[in-house]
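Chemist: Here you go, this is protein-v6.cif (mmCIF, C-alpha atoms).
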data_structure
#
loop_
_atom_site.label_atom_id
_atom_site.label_comp_id
_atom_site.auth_asym_id
_atom_site.auth_seq_id
_atom_site.Cartn_x
_atom_site.Cartn_y
_atom_site.Cartn_z
CA MET A 1447 16.87 20.09 -27.31
CA ASP A 1448 18.32 23.57 -27.38
CA GLN A 1449 18.42 26.08 -30.25
CA ARG A 1450 22.00 25.20 -31.20
CA HIS A 1451 21.21 21.50 -31.65
CA ALA A 1452 17.95 22.25 -33.43
CA THR A 1453 19.66 24.57 -35.90
CA GLY A 1454 22.37 22.00 -36.54
CA LEU A 1455 19.68 19.45 -37.41
CA GLY A 1456 17.75 21.91 -39.54
CA LEU A 1457 14.80 22.05 -37.12
CA ASP A 1458 12.62 25.03 -36.29
CA LEU A 1459 11.72 24.87 -32.60
CA THR A 1460 8.75 27.15 -33.21
CA ARG A 1461 7.12 24.49 -35.38
CA ILE A 1462 6.96 21.15 -33.60
CA GLY A 1463 4.34 18.55 -34.42
CA LEU A 1464 3.10 15.70 -32.26
CA ALA A 1465 1.34 12.68 -33.67
CA GLY A 1466 0.47 9.12 -32.83
CA GLN A 1467 -1.89 6.31 -33.64
CA SER A 1468 -4.53 4.97 -31.29
CA GLY A 1469 -3.32 5.46 -27.70
CA GLY A 1470 -0.26 7.27 -29.03
CA GLY A 1471 -2.55 9.87 -30.58
CA GLY A 1472 -4.19 10.42 -27.22
CA ALA A 1473 -0.79 10.73 -25.57
CA ALA A 1474 0.32 13.21 -28.26
CA ALA A 1475 -2.82 15.30 -27.73
CA ALA A 1476 -2.35 15.19 -23.96
CA THR A 1477 1.28 16.29 -24.32
CA ALA A 1478 0.27 19.17 -26.60
CA HIS A 1479 -2.33 20.34 -24.08
CA LEU A 1480 0.19 20.03 -21.24
CA ILE A 1481 2.73 22.14 -23.15
CA ARG A 1482 0.08 24.77 -23.85
CA ASP A 1483 -1.34 24.77 -20.31
CA ARG A 1484 2.07 25.16 -18.74
CA GLY A 1485 2.88 28.08 -21.06
CA ALA A 1486 5.87 26.37 -22.64
CA ALA A 1487 4.51 27.01 -26.14
CA THR A 1488 1.40 27.94 -28.00
CA THR A 1489 -0.38 25.09 -29.70
CA ASP A 1490 -2.99 24.60 -32.35
CA SER A 1491 -4.44 21.27 -31.33
CA SER A 1492 -7.45 21.74 -33.58
CA ARG A 1493 -5.63 20.66 -36.71
CA SER A 1494 -5.82 17.06 -37.75
CA ILE A 1495 -5.05 14.99 -40.79
CA THR A 1496 -8.33 13.94 -42.37
CA ASP A 1497 -7.43 12.67 -45.82
CA ILE A 1498 -6.38 9.15 -44.84
CA GLY A 1499 -9.57 7.21 -45.49
CA THR A 1500 -11.15 5.67 -42.39
CA TRP A 1501 -11.17 8.86 -40.35
CA ASP A 1502 -12.67 11.03 -43.13
CA ARG A 1503 -16.25 10.57 -42.08
CA PRO A 1504 -17.24 13.66 -40.09
CA ARG A 1505 -20.93 12.79 -40.37
CA ASP A 1506 -20.59 9.49 -38.46
CA GLU A 1507 -22.74 9.55 -35.34
CA VAL A 1508 -20.03 7.73 -33.38
CA PRO A 1509 -16.57 8.20 -34.92
CA ALA A 1510 -14.55 5.01 -35.18
CA TYR A 1511 -11.80 6.31 -32.87
CA SER A 1512 -14.33 6.99 -30.15
CA ALA A 1513 -16.17 3.68 -30.33
CA ALA A 1514 -13.65 1.90 -28.09
CA SER A 1515 -12.37 4.71 -25.89
CA GLY A 1516 -15.36 6.97 -25.51
CA PRO A 1517 -15.68 10.65 -26.21
CA VAL A 1518 -12.49 12.33 -27.39
CA ALA A 1519 -12.40 14.88 -24.56
CA ALA A 1520 -12.59 12.09 -21.97
CA THR A 1521 -9.86 10.10 -23.73
CA VAL A 1522 -7.56 13.12 -23.95
CA ALA A 1523 -8.24 13.93 -20.27
CA SER A 1524 -7.34 10.36 -19.31
CA HIS A 1525 -4.11 10.44 -21.33
CA MET A 1526 -3.30 13.83 -19.82
CA GLY A 1527 -3.77 12.28 -16.38
CA LYS A 1528 -1.34 9.49 -17.26
CA THR A 1529 1.21 12.02 -18.53
CA LEU A 1530 0.89 14.08 -15.34
CA THR A 1531 1.10 10.95 -13.17
CA ALA A 1532 4.37 10.02 -14.90
CA MET A 1533 5.60 13.52 -14.03
CA ASN A 1534 4.52 12.99 -10.38
CA ASP A 1535 2.03 15.87 -10.62
CA HIS A 1536 -0.69 13.93 -8.81
CA THR A 1537 -2.89 16.95 -8.06
CA ALA A 1538 -3.18 17.92 -11.72
CA ALA A 1539 -3.53 14.25 -12.72
CA GLU A 1540 -6.47 13.91 -10.34
CA ARG A 1541 -8.28 16.82 -12.03
CA HIS A 1542 -7.86 15.23 -15.45
CA TYR A 1543 -8.91 11.75 -14.33
CA ARG A 1544 -12.04 13.23 -12.77
CA ARG A 1545 -12.75 15.10 -16.03
CA ALA A 1546 -12.32 11.83 -17.95
CA LEU A 1547 -14.72 10.01 -15.63
CA ALA A 1548 -17.31 12.76 -15.99
CA GLY A 1549 -17.01 12.56 -19.78
CA ARG A 1550 -17.79 8.85 -20.10
CA THR A 1551 -21.02 7.06 -19.32
CA PRO A 1552 -19.93 4.24 -16.96
CA GLY A 1553 -22.22 1.55 -18.37
CA THR A 1554 -21.08 2.29 -21.92
CA TYR A 1555 -17.31 2.23 -21.47
CA GLN A 1556 -17.00 -0.13 -18.52
CA LEU A 1557 -13.32 -1.06 -18.96
CA LYS A 1558 -12.20 2.53 -19.60
CA HIS A 1559 -14.21 3.76 -16.64
CA GLY A 1560 -12.71 1.11 -14.34
CA LEU A 1561 -9.14 1.77 -15.51
CA THR A 1562 -9.56 5.54 -15.18
CA MET A 1563 -11.01 5.08 -11.68
CA ALA A 1564 -7.97 2.92 -10.78
CA ASN A 1565 -5.64 5.62 -12.13
CA LEU A 1566 -7.53 8.24 -10.12
CA GLY A 1567 -6.96 6.10 -7.03
CA ARG A 1568 -3.25 6.04 -7.80
CA SER A 1569 -3.11 9.84 -8.13
CA VAL A 1570 -5.03 10.28 -4.85
CA ALA A 1571 -2.66 7.82 -3.14
CA GLY A 1572 0.25 9.87 -4.49
CA GLN A 1573 -1.20 12.78 -2.48
CA HIS A 1574 -1.20 10.64 0.70
CA ARG A 1575 -5.01 10.37 0.83
CA HIS A 1576 -4.82 6.62 1.36
CA GLU A 1577 -8.31 5.84 2.64
CA GLU A 1578 -9.84 7.77 -0.27
CA ALA A 1579 -7.59 5.83 -2.66
CA VAL A 1580 -8.83 2.54 -1.19
CA GLY A 1581 -12.43 3.68 -1.78
CA LEU A 1582 -11.70 4.66 -5.38
CA TRP A 1583 -9.96 1.36 -6.07
CA ALA A 1584 -12.95 -0.50 -4.60
CA LYS A 1585 -15.25 1.40 -7.00
CA SER A 1586 -12.91 0.60 -9.89
CA LEU A 1587 -13.24 -3.12 -9.12
CA ASP A 1588 -17.02 -2.73 -9.48
CA PHE A 1589 -16.45 -1.78 -13.13
CA MET A 1590 -13.76 -4.38 -13.76
CA GLY A 1591 -15.71 -7.41 -12.55
CA GLY A 1592 -17.12 -8.55 -15.88
CA VAL A 1593 -14.21 -7.48 -18.07
CA VAL A 1594 -11.37 -9.83 -18.93
CA SER A 1595 -8.32 -8.25 -20.55
CA ASP A 1596 -4.59 -8.01 -19.94
CA ARG A 1597 -4.87 -4.31 -19.05
CA ASN A 1598 -7.65 -5.08 -16.61
CA ARG A 1599 -5.67 -7.87 -14.93
CA GLN A 1600 -2.60 -5.63 -14.65
CA ALA A 1601 -4.67 -2.87 -13.01
CA VAL A 1602 -6.24 -5.33 -10.57
CA ARG A 1603 -2.78 -6.72 -9.69
CA GLU A 1604 -1.56 -3.18 -8.99
CA ILE A 1605 -4.61 -2.56 -6.78
CA GLN A 1606 -4.03 -5.86 -5.01
CA ALA A 1607 -0.37 -4.99 -4.29
CA ALA A 1608 -1.26 -1.50 -3.00
CA ALA A 1609 -4.06 -2.94 -0.86
CA ALA A 1610 -1.65 -5.49 0.65
CA ARG A 1611 0.79 -2.68 1.57
CA TYR A 1612 -2.04 -0.58 3.00
CA ARG A 1613 -3.44 -3.57 4.94
CA ARG A 1614 -0.06 -4.00 6.67
CA ARG A 1615 -0.17 -0.29 7.58
CA GLY A 1616 -3.71 -0.60 8.95
CA VAL A 1617 -5.45 1.61 6.37
CA THR A 1618 -9.23 1.30 6.70
CA GLY A 1619 -10.80 -0.87 4.00
CA ALA A 1620 -7.49 -2.20 2.65
CA ALA A 1621 -8.00 -5.78 3.86
CA SER A 1622 -11.37 -6.16 2.13
CA LEU A 1623 -10.01 -4.44 -1.01
CA ASN A 1624 -7.11 -6.90 -1.10
CA GLN A 1625 -9.53 -9.80 -0.74
CA ARG A 1626 -11.82 -8.49 -3.53
CA ALA A 1627 -8.88 -7.96 -5.88
CA THR A 1628 -7.59 -11.47 -5.17
CA GLU A 1629 -11.03 -12.98 -5.82
CA LEU A 1630 -11.41 -11.02 -9.03
CA LEU A 1631 -8.05 -12.23 -10.30
CA ASN A 1632 -8.90 -15.83 -9.37
CA ASN A 1633 -12.22 -15.56 -11.23
CA GLN A 1634 -10.47 -14.25 -14.36
CA ALA A 1635 -7.88 -17.03 -14.41
#
Rewrite the structure of this file - the entire thing - as structure tokens.
Modeler:
Amino acid sequence: MDQRHATGLGLDLTRIGLAGQSGGGGAAAATAHLIRDRGAATTDSSRSITDIGTWDRPRDEVPAYSAASGPVAATVASHMGKTLTAMNDHTAAERHYRRALAGRTPGTYQLKHGLTMANLGRSVAGQHRHEEAVGLWAKSLDFMGGVVSDRNRQAVREIQAAAARYRRRGVTGAASLNQRATELLNNQA
């Protein structure tokens, strides 16, 4: 949107807010950080709405929003990685996925760790480091083995498809990765 359109709608482009619930909140935070980091605008991401009931408990040892996704910094880093992946900035996405992995204890957030590892594999593959991607996807399957969810199955199907393509191209480890992904999907059926 340019200044002319914003003025016509009564908007002030110097005061834009981003918000979302659940995953949308993480995506909004990631977008705000991306805008700030790329110098497109200054942001104040420290402000939050706290008078809505459930989220008003700053003394909770584990805040409700972090119970499922893990620490906030890791969740924001993961969402930032997804945003950067969608923009085909695989190098920057890799940095954020690695930050997200470092911020979560693997045994505690098994599904999130596995999905983030799969996303990291995708960003590494986008940089043409195919054998490394195969290794990362194999590690992600280690975390996904005992977890049954639609998101997990979708990630495993994506790994399986990539492994099949890589197997045809002769990438080291792709055949065994494809077999593991197929077995995992069969076991979850």
Chemist: Starting from the shown file, work through the PyMOL selection byres ((chain A and resi 1592-1594) around 7) and note down what comes out as a list in words.
Modeler: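 Selection result, ordered by chain and number: Leu1557, Met1590, Gly1591, Ser1595, Asn1598 and Gln1634 of chain A.
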Chemist: Distance CA of Arg1611 (chain A)-CA of Arg1597 (chain A), one decimal place?
Modeler: 21.4 Å
Chemist: From the set A:Gly1572, A:Gly1581, A:Gly1527, A:Pro1517, which residue has the shortest atom-to-atom contact distance to Thr1554 (chain A), counting all atoms listed in the file?
Modeler: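 Nearest to Thr1554 (chain A): A:Pro1517.
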Chemist: Hey, which of A:His1576, A:Arg1550, A:His1536, A:Arg1568 ends up closest to Tyr1612 (chain A)? Count all atoms listed in the file.
Modeler: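 For Tyr1612 (chain A), the nearest of the candidates is A:His1576.
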Chemist: For Thr1618 (chain A), which of A:Val1602, A:Leu1631, A:Leu1587, A:Ala1579 is the closest residue, counting only C-alpha atoms?
Modeler: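 Smallest distance to Thr1618 (chain A) is found for A:Ala1579.
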Chemist: Once the PyMOL selection byres ((chain A and resi 1528) around 10) is applied to the coordinates I shared, what remains selected? I want it as a list in words.
Modeler: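 Output of the PyMOL selection byres ((chain A and resi 1528) around 10): Ala1473, Ala1476, Val1522, Ala1523, Ser1524, His1525, Met1526, Gly1527, Thr1529, Leu1530, Thr1531, Ala1532, Met1533, Asn1534, Asp1535, His1536, Ala1539, Glu1540, His1542, Tyr1543, Thr1562, Asn1565, Leu1566 and Ser1569 of chain A.
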Chemist: Every residue with an atom at most 9 Å from (-12.5, -1.3, 3.2) (file coordinates; only C-alpha atoms) is what I'm after, so could you write them as JSON, numbers by chain?
Modeler: {"A": [1577, 1580, 1581, 1584, 1617, 1618, 1619, 1620, 1621, 1622, 1623, 1624]}
Chemist: I would like the residues chosen by the PyMOL selection byres ((chain A and resi 1563) around 8) on the shown file; could you give them as a PyMOL selection string?
Modeler: chain A and resi 1543+1547+1559-1562+1564-1567+1582-1583+1585-1586
Chemist: Work out how far CA of Asn1632 (chain A) is from CA of Gly1553 (chain A), in Å to one decimal.
Modeler: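 Computing it gives 23.7 Å between the two atoms.
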Chemist: For Leu1630 (chain A), which residue out of A:Arg1614, A:Arg1603, A:Ala1609, A:Glu1578 is the nearest one, using all atoms listed in the file?
Modeler: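 Closest to Leu1630 (chain A) of all the choices is A:Arg1603.
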Chemist: How big is the axis-aligned box, and where does its centre sit, when it encloses all atoms of region 1616-1635 of chain A listed in the file and has 8 Å added on every side, reported in Å to one decimal as AutoDock Vina command-line options?
Modeler:
--center_x -8.0 --center_y -7.7 --center_z -2.7 --size_x 24.5 --size_y 34.6 --size_z 39.4
